[in-house]
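Note sheet for the following structure.
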Amino acid sequence: MHAYFLLATRVALTLALAWAAAAACVALNTPLPWMIGPLLATSLLSIGGAPTESWGPLRNAGQWTIGAALGLYFTPEVVALIGGLWWAIVLAVGWALLLGWLFGAWLYRMHAPRMHGVPAPMMRATSYFSGAIGAASEMTLLSERENARTDLVAASHSLRLLIVTVSIPFALQWSGLHGLDILPPTVRVVNWPGLALLALMTGLGAVAMDRLGRANPWFMGAMLVSMGLTMAGLGLSAVPQGLVNAAQLVIGVSLGVRFRREFLHTAPRWLATVAVGTLGLMAICAGFAAAMAWATGLPWVTLLLGTSPGGIAEMAITAKVLQLGVPVVTAFQVCRLIAVLMLVDPLYRRIYPRDEHQALKV
């Protein structure tokens, strides 16, 4: 009983701190204040040793809310537009796999000579899965199967996500590249009975995805159901802005609490290399997005968010708040995530078959 009370107290204090940080960011007119404020505040305090805490059900509810809200953008007209971009999405998936492999190879080249106590197969698996552009938890799990240093893999993805989530929104707001949405507006009116039905149906979708063991089930399940309803012309209700703000807050907290004091002691040279490499990845992706914009006629900034090495929820929230083509960004990010989850491990075993054989002996 005492443990539950302590957990509840820590969660409540963390949420209060996150709300204060979000309110400060709103006053300062920063981009994505309800996510970036809590993310930065909880990250700094967690690294400083403060007993911050995120509660799983709240994070799931936040992803559920965002997924349901994003699905409302997929009207039949928008789906037809995205369907015509299938070749660009396939190209972006291949690009992400290639870029992740190159990033991992670069990490191996930089660190293999210095990590004398780490066997070559372990170092190669660690570098490969650290470079892969995919979800942190899934990449860490896959790397564990290949006998990698999971602490380095998890730290790499957490740091990459933090850098991308913070830097891209600030850069876009300061550059004035927002409000460029060329797509038709989604449902804007909140209908409370419709909202209750939307919540019920998307919640069932999220639970089903969770039971099936899929990646990001609360986000993906809710979004797929919401997409299906919208594509069928059933605009039940908009999601209230207050709920969207609260969802961003709990997602920001869930990202921020990953950065404990021990994080800075996790191979500082490795983290510095990942940080520099992430900046390089963003620059390379910006160039790729420019080429894709020329080929498709879509705004460069929309394709930048769609191909950036960030997470689905974070990049889609950025697109939603800055009005930068939510469905296109979401479609690119979702297809990339699914492809990476399906292909990154088989590709590793194809590229490094000897490492796989040696790992099985360990």
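Letters A, B, ... go to the chains of the structure tokens in the order shown; residues in each chain start at 1; ligands are counted from 1 in the same order.
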How would you write, as an MDAnalysis selection string, the set of residues in stretch 205-236 of chain A that DSSP gives as alpha helix (DSSP H)? chainID A and resid 205:211 217:231
Return as a tab-separated table the residues of stretch 80-161 of chain A lying at most 12 Å from stretch 210-219 of chain A, together with the closest atom-to-atom pair for each and the distance in Å to one decimal, counting only C-alpha atoms, with rows in chain order and ascending residue number.
```
residue	atom	partner	partner_atom	distance
A:Gly134	CA	A:Ala215	CA	10.7
A:Ala135	CA	A:Ala215	CA	8.5
A:Ala136	CA	A:Ala215	CA	10.7
A:Ser137	CA	A:Ala215	CA	9.0
A:Glu138	CA	A:Ala215	CA	7.4
A:Met139	CA	A:Ala215	CA	10.9
A:Leu141	CA	A:Ala215	CA	11.6
```
Go ahead and dump the residues you just picked, N, CA and C atoms, as a compact mmCIF listing (two decimals), in the first residue's frame.
```
# COMPACT_ATOMS: atom_id res chain seq x y z
N GLY A 134 14.08 3.25 -36.04
CA GLY A 134 12.86 2.59 -35.61
C GLY A 134 12.55 2.94 -34.17
N ALA A 135 11.50 2.34 -33.63
CA ALA A 135 11.07 2.63 -32.26
C ALA A 135 12.09 2.08 -31.26
N ALA A 136 12.32 2.85 -30.20
CA ALA A 136 13.37 2.50 -29.24
C ALA A 136 13.13 1.14 -28.59
N SER A 137 11.93 0.90 -28.10
CA SER A 137 11.68 -0.35 -27.37
C SER A 137 11.81 -1.55 -28.28
N GLU A 138 11.29 -1.46 -29.51
CA GLU A 138 11.36 -2.59 -30.43
C GLU A 138 12.79 -2.86 -30.88
N MET A 139 13.55 -1.79 -31.16
CA MET A 139 14.94 -1.98 -31.57
C MET A 139 15.79 -2.57 -30.44
N LEU A 141 14.66 -4.57 -28.07
CA LEU A 141 14.28 -5.98 -27.96
C LEU A 141 14.93 -6.82 -29.05
```
Counting only C-alpha atoms, give me one row per residue of stretch 155-272 of chain A with an atom at most 12 Å from an atom of stretch 4-20 of chain A, showing the shortest contact pair and its distance in Å to one decimal, sorted by chain then residue number, as JSON lines.
```
{"residue": "A:Asn245", "atom": "CA", "partner": "A:Trp19", "partner_atom": "CA", "distance": 10.1}
{"residue": "A:Ala246", "atom": "CA", "partner": "A:Trp19", "partner_atom": "CA", "distance": 8.9}
{"residue": "A:Ala247", "atom": "CA", "partner": "A:Trp19", "partner_atom": "CA", "distance": 11.6}
{"residue": "A:Gln248", "atom": "CA", "partner": "A:Ala18", "partner_atom": "CA", "distance": 10.5}
{"residue": "A:Leu249", "atom": "CA", "partner": "A:Ala18", "partner_atom": "CA", "distance": 6.8}
{"residue": "A:Val250", "atom": "CA", "partner": "A:Leu15", "partner_atom": "CA", "distance": 7.6}
{"residue": "A:Ile251", "atom": "CA", "partner": "A:Ala18", "partner_atom": "CA", "distance": 10.6}
{"residue": "A:Gly252", "atom": "CA", "partner": "A:Ala18", "partner_atom": "CA", "distance": 8.3}
{"residue": "A:Val253", "atom": "CA", "partner": "A:Ala18", "partner_atom": "CA", "distance": 6.9}
{"residue": "A:Ser254", "atom": "CA", "partner": "A:Thr14", "partner_atom": "CA", "distance": 10.3}
{"residue": "A:Leu255", "atom": "CA", "partner": "A:Ala18", "partner_atom": "CA", "distance": 11.8}
{"residue": "A:Gly256", "atom": "CA", "partner": "A:Ala18", "partner_atom": "CA", "distance": 9.9}
{"residue": "A:Val257", "atom": "CA", "partner": "A:Thr14", "partner_atom": "CA", "distance": 9.4}
```
What is the distance between atom CA of A:Ile66 and atom CA of A:Ala316, in Å to one decimal?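 Calculated distance between atom CA of A:Ile66 and atom CA of A:Ala316 is 8.8 Å.
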With only C-alpha atoms as the counted atoms, please give the residues lying no more than 6 Å from A:Gly67, apart from itself and same-chain residues fewer than 3 positions off, as a list of chain:residue names.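 Everything that qualifies: A:Gln63, A:Trp64, A:Leu70, A:Phe219, A:Ala222, A:Met223.
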Just all heavy atoms for this one: save the residues we selected as a PDB file, in the first residue's frame.
```pdb
ATOM      1  N   GLN A  63      -1.347   8.248 -26.049  1.00  0.00           N
ATOM      2  CA  GLN A  63      -1.170   7.739 -27.400  1.00  0.00           C
ATOM      3  C   GLN A  63      -2.516   7.406 -28.043  1.00  0.00           C
ATOM      4  O   GLN A  63      -2.709   7.615 -29.245  1.00  0.00           O
ATOM      5  CB  GLN A  63      -0.278   6.496 -27.360  1.00  0.00           C
ATOM      6  CG  GLN A  63       1.148   6.795 -26.952  1.00  0.00           C
ATOM      7  CD  GLN A  63       2.028   5.557 -26.976  1.00  0.00           C
ATOM      8  OE1 GLN A  63       1.561   4.452 -26.717  1.00  0.00           O
ATOM      9  NE2 GLN A  63       3.295   5.738 -27.270  1.00  0.00           N
ATOM     10  N   TRP A  64      -3.437   6.892 -27.259  1.00  0.00           N
ATOM     11  CA  TRP A  64      -4.800   6.598 -27.729  1.00  0.00           C
ATOM     12  C   TRP A  64      -5.461   7.882 -28.232  1.00  0.00           C
ATOM     13  O   TRP A  64      -6.046   7.915 -29.325  1.00  0.00           O
ATOM     14  CB  TRP A  64      -5.556   5.961 -26.566  1.00  0.00           C
ATOM     15  CG  TRP A  64      -7.027   5.751 -26.726  1.00  0.00           C
ATOM     16  CD1 TRP A  64      -7.768   5.788 -27.874  1.00  0.00           C
ATOM     17  CD2 TRP A  64      -7.942   5.436 -25.670  1.00  0.00           C
ATOM     18  NE1 TRP A  64      -9.092   5.529 -27.599  1.00  0.00           N
ATOM     19  CE2 TRP A  64      -9.229   5.318 -26.267  1.00  0.00           C
ATOM     20  CE3 TRP A  64      -7.808   5.250 -24.301  1.00  0.00           C
ATOM     21  CZ2 TRP A  64     -10.360   5.018 -25.504  1.00  0.00           C
ATOM     22  CZ3 TRP A  64      -8.940   4.950 -23.545  1.00  0.00           C
ATOM     23  CH2 TRP A  64     -10.191   4.831 -24.140  1.00  0.00           C
ATOM     24  N   LEU A  70      -5.494  11.911 -34.976  1.00  0.00           N
ATOM     25  CA  LEU A  70      -4.812  11.902 -36.271  1.00  0.00           C
ATOM     26  C   LEU A  70      -5.617  11.134 -37.321  1.00  0.00           C
ATOM     27  O   LEU A  70      -5.607  11.494 -38.503  1.00  0.00           O
ATOM     28  CB  LEU A  70      -3.426  11.281 -36.127  1.00  0.00           C
ATOM     29  CG  LEU A  70      -2.432  12.051 -35.257  1.00  0.00           C
ATOM     30  CD1 LEU A  70      -1.106  11.308 -35.188  1.00  0.00           C
ATOM     31  CD2 LEU A  70      -2.214  13.459 -35.781  1.00  0.00           C
ATOM     32  N   PHE A 219      -1.467   3.689 -29.891  1.00  0.00           N
ATOM     33  CA  PHE A 219      -1.458   4.702 -30.947  1.00  0.00           C
ATOM     34  C   PHE A 219      -1.997   4.110 -32.252  1.00  0.00           C
ATOM     35  O   PHE A 219      -2.923   4.647 -32.857  1.00  0.00           O
ATOM     36  CB  PHE A 219      -0.037   5.230 -31.145  1.00  0.00           C
ATOM     37  CG  PHE A 219       0.094   6.204 -32.281  1.00  0.00           C
ATOM     38  CD1 PHE A 219      -0.189   7.547 -32.102  1.00  0.00           C
ATOM     39  CD2 PHE A 219       0.506   5.771 -33.535  1.00  0.00           C
ATOM     40  CE1 PHE A 219      -0.073   8.444 -33.152  1.00  0.00           C
ATOM     41  CE2 PHE A 219       0.621   6.658 -34.589  1.00  0.00           C
ATOM     42  CZ  PHE A 219       0.338   8.004 -34.404  1.00  0.00           C
ATOM     43  N   ALA A 222      -5.847   2.830 -32.153  1.00  0.00           N
ATOM     44  CA  ALA A 222      -6.799   3.945 -32.154  1.00  0.00           C
ATOM     45  C   ALA A 222      -6.800   4.662 -33.496  1.00  0.00           C
ATOM     46  O   ALA A 222      -7.854   5.028 -34.025  1.00  0.00           O
ATOM     47  CB  ALA A 222      -6.452   4.922 -31.027  1.00  0.00           C
ATOM     48  N   MET A 223      -5.619   4.859 -34.067  1.00  0.00           N
ATOM     49  CA  MET A 223      -5.539   5.591 -35.328  1.00  0.00           C
ATOM     50  C   MET A 223      -6.187   4.806 -36.467  1.00  0.00           C
ATOM     51  O   MET A 223      -6.902   5.372 -37.303  1.00  0.00           O
ATOM     52  CB  MET A 223      -4.086   5.900 -35.671  1.00  0.00           C
ATOM     53  CG  MET A 223      -3.947   6.804 -36.887  1.00  0.00           C
ATOM     54  SD  MET A 223      -2.240   7.061 -37.391  1.00  0.00           S
ATOM     55  CE  MET A 223      -1.843   5.439 -38.049  1.00  0.00           C
TER      56      MET A 223
END
```
Counting only C-alpha atoms, which residue out of A:Pro121, A:Gly62, A:Asn29, A:Ile36 sits closest to A:Val244? A:Gly62
Excluding same-chain residues fewer than 3 positions from stretch 149-158 of chain A, what lies within 7 Å of it counting only C-alpha atoms, as number ranges by chain? A: 122, 126, 129-130, 136, 140, 143-144, 161-162, 271, 274
Just checking: using only C-alpha atoms, which residue out of A:Gly205, A:Gly48, A:Gly235, A:Pro309 ends up closest to A:Leu281?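 For A:Leu281, the nearest of the candidates is A:Pro309.
Among A:Leu159, A:Ala22, A:Trp86, A:Ala69, the residue with the shortest atom-to-atom distance to A:Thr266, counting only C-alpha atoms, is A:Leu159.
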Counting only C-alpha atoms, the residue of A:Ile351, A:Ala331, A:Leu99, A:Leu304 that sits nearest A:Ala171: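 Among the listed residues, A:Leu304 lies closest to A:Ala171.
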A:Met201 surroundings by only C-alpha atoms, 9 Å radius, close-in-sequence under 3 positions cut, as a PyMOL selection string: chain A and resi 196-198+204-206+222+225-226
As an exercise, work out the distance from atom CA of A:Met342 to atom CA of A:Val164 in Å and give it to one decimal place. 23.5 Å
For A:Leu45, the nearest of the candidates A:Leu85, A:Ile317, A:Ala120, A:Ala21, counting only C-alpha atoms: A:Ala21
Within 9 Å of stretch 345-349 of chain A, counting only C-alpha atoms, which residues qualify if same-chain residues fewer than 2 places away don't, as a list in words?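 Close residues of stretch 345-349 of chain A: Trp101, Ala125, Tyr128, Phe129, Leu142, Ser143, Glu146, Val340, Leu341, Met342, Leu343, Ile351, Tyr352, Pro353, Arg354, Asp355 and Glu356 of chain A.
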